[in-house]
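Heads up, upload.txt below (compact mmCIF, C-alpha atoms (C1' of nucleotides)):
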# COMPACT_ATOMS: atom_id res chain seq x y z
CA MET A 209 22.60 -9.49 -4.79
CA PRO A 210 24.47 -8.34 -1.71
CA PRO A 211 23.34 -9.94 1.56
CA LYS A 212 22.63 -6.58 3.21
CA PRO A 213 21.29 -4.56 0.30
CA ALA A 214 22.78 -1.12 0.00
CA GLU A 215 19.77 -0.26 -2.15
CA PRO A 216 16.43 -0.94 -0.48
CA ASP A 217 13.94 -2.70 -2.70
CA LEU A 218 11.16 -0.17 -3.05
CA ASP A 219 8.97 -2.46 -5.13
CA LEU A 220 9.13 -5.06 -2.39
CA ILE A 221 7.77 -2.50 0.07
CA ILE A 222 4.98 -1.61 -2.30
CA GLU A 223 4.05 -5.20 -2.87
CA SER A 224 4.11 -5.84 0.85
CA MET A 225 1.73 -2.97 1.47
CA ILE A 226 -0.63 -4.14 -1.22
CA PHE A 227 -0.44 -7.66 0.10
CA LEU A 228 -1.15 -6.61 3.68
CA TYR A 229 -4.04 -4.45 2.63
CA SER A 230 -5.69 -6.97 0.35
CA GLU A 231 -5.20 -9.82 2.82
CA SER A 232 -6.69 -7.80 5.62
CA ARG A 233 -9.73 -7.15 3.49
CA ARG A 234 -10.01 -10.80 2.65
CA VAL A 235 -9.80 -11.85 6.29
CA THR A 236 -12.25 -9.19 7.40
CA ARG A 237 -14.64 -10.41 4.77
CA ALA A 238 -14.27 -13.99 5.91
CA VAL A 239 -14.84 -13.07 9.55
CA ALA A 240 -17.90 -10.99 8.71
CA GLU A 241 -19.30 -13.81 6.62
CA GLN A 242 -19.48 -16.08 9.65
CA TYR A 243 -22.14 -13.76 11.02
CA GLY A 244 -23.96 -13.31 7.73
CA LEU A 245 -22.52 -9.81 7.35
CA THR A 246 -20.36 -8.01 4.84
CA GLY A 247 -17.15 -6.25 5.84
CA SER A 248 -18.71 -2.81 5.79
CA GLN A 249 -21.69 -3.93 7.79
CA LEU A 250 -19.46 -5.35 10.52
CA LEU A 251 -17.50 -2.12 10.52
CA VAL A 252 -20.68 -0.09 10.95
CA LEU A 253 -21.90 -2.30 13.79
CA LYS A 254 -18.58 -1.86 15.54
CA MET A 255 -18.74 1.91 15.09
CA LEU A 256 -22.22 2.07 16.54
CA GLU A 257 -21.72 -0.39 19.39
CA PRO A 258 -19.97 1.85 21.92
CA ARG A 259 -21.81 5.02 20.96
CA GLY A 260 -25.39 3.88 20.59
CA GLN A 261 -26.06 6.16 17.65
CA LEU A 262 -24.30 8.23 15.02
CA SER A 263 -25.52 10.52 12.28
CA LEU A 264 -25.06 9.24 8.77
CA SER A 265 -22.40 11.88 8.10
CA GLU A 266 -20.44 10.98 11.22
CA LEU A 267 -20.56 7.38 10.12
CA SER A 268 -19.38 8.28 6.63
CA SER A 269 -16.36 10.17 7.81
CA ARG A 270 -15.41 7.44 10.28
CA ILE A 271 -15.47 4.71 7.69
CA ARG A 272 -13.94 7.03 5.07
CA ALA A 273 -16.75 6.72 2.55
CA LYS A 274 -19.13 9.18 0.93
CA ASN A 275 -22.61 9.79 2.27
CA SER A 276 -24.18 8.28 -0.81
CA THR A 277 -22.25 5.06 -0.27
CA VAL A 278 -23.27 4.84 3.36
CA THR A 279 -26.90 5.49 2.45
CA GLY A 280 -26.80 2.23 0.49
CA ILE A 281 -25.09 0.30 3.27
CA ILE A 282 -27.63 1.54 5.82
CA ASP A 283 -30.50 0.74 3.43
CA ARG A 284 -29.44 -2.90 3.36
CA MET A 285 -28.78 -3.04 7.10
CA GLU A 286 -32.19 -1.55 7.80
CA ARG A 287 -33.76 -4.07 5.43
CA ASP A 288 -32.03 -6.84 7.40
CA GLY A 289 -33.21 -5.43 10.72
CA LEU A 290 -29.78 -4.50 12.09
CA VAL A 291 -30.28 -0.74 12.45
CA VAL A 292 -33.03 1.86 12.31
CA ARG A 293 -33.02 5.42 11.04
CA ARG A 294 -34.34 8.11 13.36
CA ARG A 295 -34.77 11.72 12.26
CA SER A 296 -33.09 14.17 14.64
CA GLY A 297 -35.40 16.50 16.55
CA GLU A 298 -32.78 19.23 16.82
CA ASP A 299 -31.85 19.37 13.17
CA ARG A 300 -34.39 17.74 10.94
CA ARG A 301 -31.87 17.29 8.12
CA VAL A 302 -29.93 14.84 10.26
CA VAL A 303 -30.63 11.13 10.42
CA HIS A 304 -29.41 9.16 13.41
CA ILE A 305 -28.56 5.51 12.89
CA GLU A 306 -29.24 3.24 15.87
CA LEU A 307 -28.65 -0.44 16.50
CA THR A 308 -31.68 -2.67 16.91
CA THR A 309 -31.65 -5.46 19.47
CA LYS A 310 -30.59 -7.84 16.73
CA GLY A 311 -27.85 -5.44 15.67
CA LYS A 312 -26.54 -5.08 19.21
CA LYS A 313 -26.44 -8.82 19.65
CA LEU A 314 -24.47 -9.31 16.45
CA ALA A 315 -22.07 -6.49 17.28
CA ASN A 316 -21.45 -8.11 20.61
CA ASP A 317 -21.07 -11.65 19.26
CA ALA A 318 -18.57 -10.72 16.56
CA GLU A 319 -15.69 -9.86 18.81
CA ALA A 320 -13.29 -9.33 15.92
CA ASP A 321 -13.49 -5.75 14.86
CA PRO A 322 -11.50 -5.17 11.71
CA LYS A 323 -8.81 -3.02 13.30
CA GLN A 324 -8.19 -5.74 15.84
CA LEU A 325 -6.89 -7.96 13.09
CA TYR A 326 -4.22 -5.47 12.19
CA ARG A 327 -3.47 -4.78 15.81
CA ALA A 328 -2.84 -8.43 16.64
CA LEU A 329 -0.45 -8.53 13.75
CA LEU A 330 1.46 -5.46 14.86
CA GLU A 331 1.72 -6.73 18.40
CA GLU A 332 3.93 -9.51 17.13
CA LEU A 333 6.56 -6.97 16.23
CA SER A 334 9.20 -6.04 18.77
CA PRO A 335 8.54 -2.66 20.40
CA ARG A 336 11.59 -1.31 18.65
CA ASP A 337 10.32 -2.37 15.23
CA ALA A 338 6.86 -1.05 15.97
CA GLY A 339 8.35 2.26 17.01
CA GLU A 340 10.43 2.45 13.84
CA LEU A 341 7.45 1.55 11.72
CA GLU A 342 5.36 4.23 13.35
CA ARG A 343 8.08 6.81 12.78
CA ILE A 344 8.52 5.95 9.11
CA MET A 345 4.83 5.64 8.34
CA THR A 346 4.18 9.00 9.94
CA LYS A 347 6.89 10.47 7.76
CA LEU A 348 5.35 8.97 4.63
CA VAL A 349 1.94 10.34 5.54
CA SER A 350 3.33 13.82 6.01
CA HIS A 351 5.07 13.58 2.63
CA VAL A 352 1.80 12.66 1.01
CA ARG A 353 0.00 15.51 2.71
CA ALA A 354 2.69 17.91 1.52
CA HIS A 355 2.29 16.69 -2.06
CA LEU A 356 -1.45 17.07 -1.91
CA GLN A 357 -1.17 20.61 -0.62
CA GLU A 358 1.39 21.45 -3.24
CA ARG A 359 -0.82 20.31 -6.06
CA GLY A 360 -3.74 22.16 -4.54
CA ILE A 361 -5.72 18.98 -4.31
CA ALA A 362 -8.00 19.81 -1.44
CA GLU A 363 -8.05 17.13 1.18
CA GLU A 364 -11.22 16.65 3.14
CA SER A 365 -11.08 16.43 6.90
CA ALA A 366 -8.93 13.39 7.49
CA MET B 65 2.46 11.88 26.38
CA PRO B 66 6.19 11.20 26.62
CA PRO B 67 8.27 12.74 23.84
CA LYS B 68 9.80 9.39 22.85
CA PRO B 69 6.91 7.01 23.36
CA ALA B 70 7.85 3.83 25.17
CA GLU B 71 4.64 2.35 23.78
CA PRO B 72 4.32 2.61 20.00
CA ASP B 73 0.91 3.74 18.84
CA LEU B 74 -0.33 0.78 16.84
CA ASP B 75 -3.54 2.47 15.81
CA LEU B 76 -1.54 5.30 14.33
CA ILE B 77 0.34 2.81 12.16
CA ILE B 78 -2.91 1.24 11.05
CA GLU B 79 -4.44 4.58 10.19
CA SER B 80 -1.31 5.56 8.29
CA MET B 81 -1.49 2.42 6.20
CA ILE B 82 -5.14 2.95 5.43
CA PHE B 83 -4.45 6.58 4.61
CA LEU B 84 -1.58 5.75 2.26
CA TYR B 85 -3.56 3.08 0.50
CA SER B 86 -6.70 5.10 0.03
CA GLU B 87 -4.77 8.19 -1.08
CA SER B 88 -2.81 6.18 -3.62
CA ARG B 89 -6.07 4.91 -5.05
CA ARG B 90 -7.42 8.43 -5.20
CA VAL B 91 -4.34 9.73 -7.00
CA THR B 92 -4.25 6.81 -9.44
CA ARG B 93 -7.87 7.49 -10.21
CA ALA B 94 -7.17 11.17 -10.81
CA VAL B 95 -4.26 10.39 -13.13
CA ALA B 96 -6.27 7.89 -15.12
CA GLU B 97 -9.12 10.35 -15.42
CA GLN B 98 -6.92 12.76 -17.35
CA TYR B 99 -6.86 10.20 -20.14
CA GLY B 100 -10.54 9.34 -19.88
CA LEU B 101 -9.69 6.05 -18.20
CA THR B 102 -10.47 4.38 -14.91
CA GLY B 103 -7.74 3.09 -12.61
CA SER B 104 -8.21 -0.52 -13.64
CA GLN B 105 -8.21 0.35 -17.31
CA LEU B 106 -4.91 2.18 -16.98
CA LEU B 107 -3.50 -0.80 -15.14
CA VAL B 108 -4.60 -3.16 -17.91
CA LEU B 109 -3.11 -0.94 -20.61
CA LYS B 110 0.19 -0.90 -18.73
CA MET B 111 0.13 -4.68 -18.40
CA LEU B 112 -0.50 -5.17 -22.09
CA GLU B 113 1.89 -2.50 -23.35
CA PRO B 114 5.18 -4.39 -23.10
CA ARG B 115 3.72 -7.80 -23.92
CA GLY B 116 1.40 -7.14 -26.79
CA GLN B 117 -1.20 -9.62 -25.65
CA LEU B 118 -2.24 -11.65 -22.63
CA SER B 119 -4.94 -14.19 -22.00
CA LEU B 120 -7.76 -13.11 -19.78
CA SER B 121 -6.60 -15.43 -17.00
CA GLU B 122 -3.05 -14.12 -17.14
CA LEU B 123 -4.41 -10.63 -16.90
CA SER B 124 -6.60 -11.56 -13.94
CA SER B 125 -3.79 -13.03 -11.93
CA ARG B 126 -1.52 -10.08 -12.66
CA ILE B 127 -3.99 -7.52 -11.47
CA ARG B 128 -5.10 -9.75 -8.59
CA ALA B 129 -8.75 -9.93 -9.60
CA LYS B 130 -11.11 -12.72 -10.54
CA ASN B 131 -11.78 -13.67 -14.13
CA SER B 132 -15.38 -12.55 -13.88
CA THR B 133 -14.24 -9.10 -12.79
CA VAL B 134 -11.79 -8.79 -15.64
CA THR B 135 -14.41 -9.90 -18.15
CA GLY B 136 -16.36 -6.77 -17.24
CA ILE B 137 -13.33 -4.49 -17.45
CA ILE B 138 -12.42 -5.88 -20.86
CA ASP B 139 -16.05 -5.56 -22.03
CA ARG B 140 -15.93 -1.83 -21.34
CA MET B 141 -12.46 -1.40 -22.84
CA GLU B 142 -13.53 -3.22 -25.97
CA ARG B 143 -16.65 -1.07 -26.18
CA ASP B 144 -14.36 1.99 -25.99
CA GLY B 145 -12.03 0.66 -28.67
CA LEU B 146 -8.96 0.21 -26.48
CA VAL B 147 -8.55 -3.56 -26.84
CA VAL B 148 -9.83 -6.45 -28.90
CA ARG B 149 -10.53 -10.07 -27.97
CA ARG B 150 -9.03 -12.73 -30.17
CA ARG B 151 -9.79 -16.41 -29.70
CA SER B 152 -6.65 -18.50 -29.47
CA GLY B 153 -6.03 -20.93 -32.31
CA GLU B 154 -4.07 -23.35 -30.14
CA ASP B 155 -6.62 -23.64 -27.37
CA ARG B 156 -10.03 -22.43 -28.30
CA ARG B 157 -11.05 -21.93 -24.68
CA VAL B 158 -8.52 -19.13 -24.36
CA VAL B 159 -9.16 -15.50 -25.27
CA HIS B 160 -6.22 -13.23 -26.00
CA ILE B 161 -6.58 -9.54 -25.22
CA GLU B 162 -4.70 -7.20 -27.55
CA LEU B 163 -4.23 -3.45 -27.63
CA THR B 164 -5.73 -1.55 -30.54
CA THR B 165 -3.86 1.37 -32.09
CA LYS B 166 -5.87 3.68 -29.88
CA GLY B 167 -5.04 1.57 -26.84
CA LYS B 168 -1.34 1.55 -27.65
CA LYS B 169 -1.30 5.30 -28.04
CA LEU B 170 -3.00 5.84 -24.69
CA ALA B 171 -0.73 3.38 -22.91
CA ASN B 172 2.22 5.24 -24.31
CA ASP B 173 0.90 8.72 -23.48
CA ALA B 174 0.04 7.93 -19.87
CA GLU B 175 3.53 7.50 -18.55
CA ALA B 176 2.38 7.24 -14.94
CA ASP B 177 1.93 3.65 -14.08
CA PRO B 178 0.32 3.22 -10.68
CA LYS B 179 3.33 1.76 -8.94
CA GLN B 180 5.40 4.74 -10.00
CA LEU B 181 3.36 6.92 -7.68
CA TYR B 182 4.29 4.85 -4.68
CA ARG B 183 7.87 4.62 -5.79
CA ALA B 184 8.31 8.38 -6.01
CA LEU B 185 6.99 8.64 -2.49
CA LEU B 186 9.35 6.03 -1.11
CA GLU B 187 12.31 7.63 -2.79
CA GLU B 188 11.87 10.61 -0.52
CA LEU B 189 12.79 8.47 2.45
CA SER B 190 16.41 8.22 3.51
CA PRO B 191 18.01 4.97 2.43
CA ARG B 192 18.24 3.98 6.08
CA ASP B 193 14.51 4.50 6.62
CA ALA B 194 13.64 2.71 3.41
CA GLY B 195 15.81 -0.20 4.46
CA GLU B 196 14.15 -0.37 7.85
CA LEU B 197 10.71 -0.16 6.30
CA GLU B 198 11.51 -2.98 3.93
CA ARG B 199 12.78 -5.11 6.78
CA ILE B 200 9.71 -4.54 8.93
CA MET B 201 7.18 -4.90 6.15
CA THR B 202 8.77 -8.16 5.08
CA LYS B 203 8.48 -9.37 8.64
CA LEU B 204 4.80 -8.42 8.75
CA VAL B 205 4.11 -10.23 5.50
CA SER B 206 5.74 -13.40 6.76
CA HIS B 207 3.66 -13.20 9.94
CA VAL B 208 0.52 -12.95 7.86
CA ARG B 209 1.52 -15.89 5.71
CA ALA B 210 2.20 -17.93 8.83
CA HIS B 211 -1.23 -17.08 10.20
CA LEU B 212 -2.90 -18.02 6.96
CA GLN B 213 -1.16 -21.38 6.86
CA GLU B 214 -2.00 -22.01 10.46
CA ARG B 215 -5.67 -21.45 9.91
CA GLY B 216 -5.56 -23.56 6.78
CA ILE B 217 -6.88 -20.72 4.70
CA ALA B 218 -5.49 -21.65 1.36
CA GLU B 219 -3.64 -18.84 -0.30
CA GLU B 220 -3.76 -18.69 -4.05
CA SER B 221 -0.57 -18.24 -6.01
CA ALA B 222 0.76 -14.95 -4.71
C1' DG C 18 -39.93 38.07 7.00
C1' DG C 19 -37.73 36.21 3.52
C1' DC C 20 -33.91 35.25 0.30
C1' DG C 21 -29.43 32.93 -0.75
C1' DG C 22 -26.04 29.96 0.39
C1' DA C 23 -24.52 26.07 3.17
C1' DT C 24 -25.52 21.49 4.94
C1' DA C 25 -27.61 16.58 5.37
C1' DC C 26 -29.33 13.10 3.04
C1' DT C 27 -31.16 10.51 -1.03
C1' DT C 28 -31.40 9.14 -5.88
C1' DA C 29 -29.60 7.69 -10.30
C1' DG C 30 -26.11 5.88 -13.00
C1' DC C 31 -21.66 3.89 -13.64
C1' DA C 32 -17.36 0.93 -12.51
C1' DC C 33 -15.48 -2.80 -9.87
C1' DG C 34 -15.14 -6.65 -6.83
C1' DC C 35 -16.99 -11.04 -5.42
C1' DT C 36 -19.47 -15.94 -5.77
C1' DA C 37 -22.14 -19.38 -8.13
C1' DA C 38 -23.55 -21.42 -12.04
C1' DA C 39 -23.64 -22.20 -17.02
C1' DG C 40 -21.27 -22.67 -21.68
C1' DG C 41 -17.81 -24.39 -24.61
C1' DT C 42 -13.11 -26.91 -25.08
C1' DT C 43 -9.60 -29.84 -24.03
C1' DT C 44 -7.62 -33.87 -21.98
C1' DG C 45 -7.23 -38.36 -20.18
C1' DC C 46 -8.65 -42.72 -19.65
C1' DC C 47 -11.57 -46.80 -20.72
C1' DG D 67 -14.79 -43.43 -30.16
C1' DG D 68 -16.77 -41.66 -26.14
C1' DC D 69 -17.42 -40.19 -21.48
C1' DA D 70 -15.93 -37.64 -17.34
C1' DA D 71 -13.08 -34.44 -15.22
C1' DA D 72 -10.53 -30.28 -15.63
C1' DC D 73 -10.15 -25.80 -17.54
C1' DC D 74 -11.23 -20.92 -19.64
C1' DT D 75 -14.54 -17.67 -20.02
C1' DT D 76 -18.96 -15.53 -19.55
C1' DT D 77 -23.44 -14.50 -17.25
C1' DA D 78 -26.32 -13.26 -13.35
C1' DG D 79 -26.88 -11.19 -9.06
C1' DC D 80 -25.30 -8.71 -5.18
C1' DG D 81 -22.55 -5.22 -2.37
C1' DT D 82 -19.61 -1.21 -2.31
C1' DG D 83 -17.45 2.94 -4.11
C1' DC D 84 -17.79 7.20 -6.75
C1' DT D 85 -19.97 11.74 -8.92
C1' DA D 86 -23.77 14.68 -10.03
C1' DA D 87 -28.07 16.19 -9.30
C1' DG D 88 -32.32 16.60 -6.44
C1' DT D 89 -34.89 17.52 -1.95
C1' DA D 90 -35.35 19.23 2.58
C1' DT D 91 -33.71 21.95 6.19
C1' DC D 92 -30.93 25.41 8.56
C1' DC D 93 -28.44 29.72 9.07
C1' DG D 94 -27.11 34.40 8.30
C1' DC D 95 -27.99 38.65 6.76
C1' DC D 96 -30.69 42.33 4.31
Please, can you express the file's structure as structure tokens?
Amino acid sequence: MPPKPAEPDLDLIIESMIFLYSESRRVTRAVAEQYGLTGSQLLVLKMLEPRGQLSLSELSSRIRAKNSTVTGIIDRMERDGLVVRRRSGEDRRVVHIELTTKGKKLANDAEADPKQLYRALLEELSPRDAGELERIMTKLVSHVRAHLQERGIAEESA
Amino acid sequence: MPPKPAEPDLDLIIESMIFLYSESRRVTRAVAEQYGLTGSQLLVLKMLEPRGQLSLSELSSRIRAKNSTVTGIIDRMERDGLVVRRRSGEDRRVVHIELTTKGKKLANDAEADPKQLYRALLEELSPRDAGELERIMTKLVSHVRAHLQERGIAEESA
DNA sequence: GGCGGATACTTAGCACGCTAAAGGTTTGCC
DNA sequence: GGCAAACCTTTAGCGTGCTAAGTATCCGCC
């Protein structure tokens, strides 16, 4: 093993990514639990907080899940009195999701929105490292997009 | 927007990570589907392939899931004739999971193990970029570990 | 006006992921 | 020997993710 490896350890990068991702989920879960919420529920509250209301589809695309998944999440949140569904007057297919008073209070109390956890972590990096990381991650993303295009695997609106 | 940002865009990094992770899951899923498997099932086959057999607990820790989760996965794989459970003779609490002939054949046919997908992607980076990425990711991981220790959140055997 | 295709959401059914609790086994200690 | 603690696995119950199919509504075009 040379001290400065000529060959970067790709598996180490992979494991690091998996570690970061799974830990972040674990921490998010733990934070949400303090407020009697699940991770997804906290995420939805945080999405709704600044905007007041969102259609179910808008919510789905923001949290990167399918409509049918979000229907279930909203069902449980409505059952627990955190949000209400309101049919749109303009387009009666659309359902707007709104925070209740209880929902607003919880959203406000839980100051840790999931992205914040990541962000705090990244802020510990030097600006140079953060810049490098941004550059490389962007490159990886564009590689993935190129592959997807190549294989004709349609990618929904990112 | 300056051309070379003085301020790295942390949210962009976060979104890139989420994108990479969720895409990799999507691709793994698609690959597994070609063999009539789910992502987890393919992972289990690949774990068992070189070793012949593993106890349920060993399997759980390798795929980073709880025993109760793996019980379900193995239930379905046994139902589909991919593996069999065999009670250990040495310690009758332990259950060994073994590949059937059908399971071995599938494990052999599906040459794409999930990590390979990531690896191919990373190999497109220049060695310099890969080296930098490794360095920064390692730093991030150690920050996370430090945080976890600090908060006394016990971390199970990584 | 009305028909056909898109769009928004829900439903049904499956696979995972978790925790908590229950079952059987082993181990250690008296 | 026998009891208690530790250990391995399963069961039960919930939440989240997906696809496919169903319902209601909207839009465009004849």
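Superposing chain A onto chain B by least squares over all C-alpha atoms, paired in sequence order, gives an RMSD of 0.5 Å.
Near chain B, counting all atoms listed in the file at 12 Å, the chain C residues are DC31, DA32, DC33, DG34, DC35, DT36, DA37, DG40, DG41, DT42, DT43 and DT44 of chain C.
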* Restrict the distance test to only C-alpha atoms (C1' of nucleotides), flag each residue of chain D within 7 Å of chain A, and return the flagged residues as a PyMOL selection string. => chain D and resi 83+90-91
Wanna dump the chain B-chain A contacts at 7 Å for me, each residue with its shortest atom pair and the distance in Å to one decimal, counting all atoms listed in the file, ordered by chain and number, as JSON lines?
{"residue": "B:Pro72", "atom": "CA", "partner": "A:Gly339", "partner_atom": "CA", "distance": 5.0}
{"residue": "B:Leu74", "atom": "CA", "partner": "A:Arg327", "partner_atom": "CA", "distance": 6.5}
{"residue": "B:Ile77", "atom": "CA", "partner": "A:Glu342", "partner_atom": "CA", "distance": 5.4}
{"residue": "B:Ile78", "atom": "CA", "partner": "A:Tyr326", "partner_atom": "CA", "distance": 6.9}
{"residue": "B:Ser80", "atom": "CA", "partner": "A:Met345", "partner_atom": "CA", "distance": 6.1}
{"residue": "B:Leu84", "atom": "CA", "partner": "A:Val349", "partner_atom": "CA", "distance": 6.6}
{"residue": "B:Tyr182", "atom": "CA", "partner": "A:Ile222", "partner_atom": "CA", "distance": 6.9}
{"residue": "B:Arg183", "atom": "CA", "partner": "A:Leu218", "partner_atom": "CA", "distance": 6.4}
{"residue": "B:Leu186", "atom": "CA", "partner": "A:Leu218", "partner_atom": "CA", "distance": 6.7}
{"residue": "B:Pro191", "atom": "CA", "partner": "A:Pro216", "partner_atom": "CA", "distance": 6.8}
{"residue": "B:Asp193", "atom": "CA", "partner": "A:Ile344", "partner_atom": "CA", "distance": 6.6}
{"residue": "B:Ala194", "atom": "CA", "partner": "A:Pro216", "partner_atom": "CA", "distance": 6.0}
{"residue": "B:Gly195", "atom": "CA", "partner": "A:Pro216", "partner_atom": "CA", "distance": 5.0}
{"residue": "B:Leu197", "atom": "CA", "partner": "A:Leu341", "partner_atom": "CA", "distance": 6.6}
{"residue": "B:Glu198", "atom": "CA", "partner": "A:Ile221", "partner_atom": "CA", "distance": 5.4}
{"residue": "B:Ile200", "atom": "CA", "partner": "A:Asp337", "partner_atom": "CA", "distance": 6.7}
{"residue": "B:Met201", "atom": "CA", "partner": "A:Ser224", "partner_atom": "CA", "distance": 6.2}
{"residue": "B:Thr202", "atom": "CA", "partner": "A:Ser224", "partner_atom": "CA", "distance": 6.7}
{"residue": "B:Val205", "atom": "CA", "partner": "A:Ser224", "partner_atom": "CA", "distance": 6.4}
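We find atom CA of Glu257 of chain A and atom CA of Gly244 of chain A to be spaced 17.5 Å apart.
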* To do: Tell me, in Å to one decimal, how far atom CA of Arg294 of chain A is from atom CA of Leu264 of chain A.
  => 10.4 Å
* Structure fact -> As a check of understanding: the span from atom CA of Glu298 of chain A to atom CA of Ser263 of chain A is 12.2 Å
Draw an axis-aligned box over all listed atoms of segment 75-91 of chain D, pad each side with 6 Å, and write its centre and edge lengths in Å, one decimal, as AutoDock Vina command-line options.
--center_x -24.9 --center_y 2.1 --center_z -6.9 --size_x 32.8 --size_y 51.6 --size_z 38.2
Could you model N, CA and C atoms for segment 196-211 of chain B and present them as a PDB file, in the coordinates of the input?
ATOM      1  N   GLU B 196      14.873   0.057   6.661  1.00  0.00           N
ATOM      2  CA  GLU B 196      14.150  -0.370   7.850  1.00  0.00           C
ATOM      3  C   GLU B 196      12.711  -0.751   7.503  1.00  0.00           C
ATOM      4  N   LEU B 197      12.100   0.087   6.682  1.00  0.00           N
ATOM      5  CA  LEU B 197      10.710  -0.160   6.300  1.00  0.00           C
ATOM      6  C   LEU B 197      10.598  -1.494   5.573  1.00  0.00           C
ATOM      7  N   GLU B 198      11.525  -1.714   4.671  1.00  0.00           N
ATOM      8  CA  GLU B 198      11.510  -2.980   3.930  1.00  0.00           C
ATOM      9  C   GLU B 198      11.629  -4.159   4.888  1.00  0.00           C
ATOM     10  N   ARG B 199      12.548  -4.023   5.821  1.00  0.00           N
ATOM     11  CA  ARG B 199      12.780  -5.110   6.780  1.00  0.00           C
ATOM     12  C   ARG B 199      11.510  -5.406   7.584  1.00  0.00           C
ATOM     13  N   ILE B 200      10.878  -4.342   8.056  1.00  0.00           N
ATOM     14  CA  ILE B 200       9.710  -4.540   8.930  1.00  0.00           C
ATOM     15  C   ILE B 200       8.499  -5.035   8.134  1.00  0.00           C
ATOM     16  N   MET B 201       8.323  -4.477   6.959  1.00  0.00           N
ATOM     17  CA  MET B 201       7.180  -4.900   6.150  1.00  0.00           C
ATOM     18  C   MET B 201       7.320  -6.379   5.768  1.00  0.00           C
ATOM     19  N   THR B 202       8.530  -6.761   5.430  1.00  0.00           N
ATOM     20  CA  THR B 202       8.770  -8.160   5.080  1.00  0.00           C
ATOM     21  C   THR B 202       8.419  -9.071   6.255  1.00  0.00           C
ATOM     22  N   LYS B 203       8.782  -8.601   7.434  1.00  0.00           N
ATOM     23  CA  LYS B 203       8.480  -9.370   8.640  1.00  0.00           C
ATOM     24  C   LYS B 203       6.963  -9.503   8.801  1.00  0.00           C
ATOM     25  N   LEU B 204       6.251  -8.390   8.611  1.00  0.00           N
ATOM     26  CA  LEU B 204       4.800  -8.420   8.750  1.00  0.00           C
ATOM     27  C   LEU B 204       4.175  -9.405   7.754  1.00  0.00           C
ATOM     28  N   VAL B 205       4.660  -9.342   6.526  1.00  0.00           N
ATOM     29  CA  VAL B 205       4.110 -10.230   5.500  1.00  0.00           C
ATOM     30  C   VAL B 205       4.315 -11.690   5.896  1.00  0.00           C
ATOM     31  N   SER B 206       5.497 -11.990   6.416  1.00  0.00           N
ATOM     32  CA  SER B 206       5.740 -13.400   6.760  1.00  0.00           C
ATOM     33  C   SER B 206       4.873 -13.813   7.942  1.00  0.00           C
ATOM     34  N   HIS B 207       4.591 -12.888   8.857  1.00  0.00           N
ATOM     35  CA  HIS B 207       3.660 -13.200   9.940  1.00  0.00           C
ATOM     36  C   HIS B 207       2.275 -13.539   9.393  1.00  0.00           C
ATOM     37  N   VAL B 208       1.846 -12.716   8.432  1.00  0.00           N
ATOM     38  CA  VAL B 208       0.520 -12.950   7.860  1.00  0.00           C
ATOM     39  C   VAL B 208       0.472 -14.311   7.184  1.00  0.00           C
ATOM     40  N   ARG B 209       1.494 -14.599   6.404  1.00  0.00           N
ATOM     41  CA  ARG B 209       1.520 -15.890   5.710  1.00  0.00           C
ATOM     42  C   ARG B 209       1.471 -17.032   6.709  1.00  0.00           C
ATOM     43  N   ALA B 210       2.196 -16.883   7.807  1.00  0.00           N
ATOM     44  CA  ALA B 210       2.200 -17.930   8.830  1.00  0.00           C
ATOM     45  C   ALA B 210       0.799 -18.119   9.398  1.00  0.00           C
ATOM     46  N   HIS B 211       0.133 -17.006   9.691  1.00  0.00           N
ATOM     47  CA  HIS B 211      -1.230 -17.080  10.200  1.00  0.00           C
ATOM     48  C   HIS B 211      -2.151 -17.799   9.228  1.00  0.00           C
TER      49      HIS B 211
END
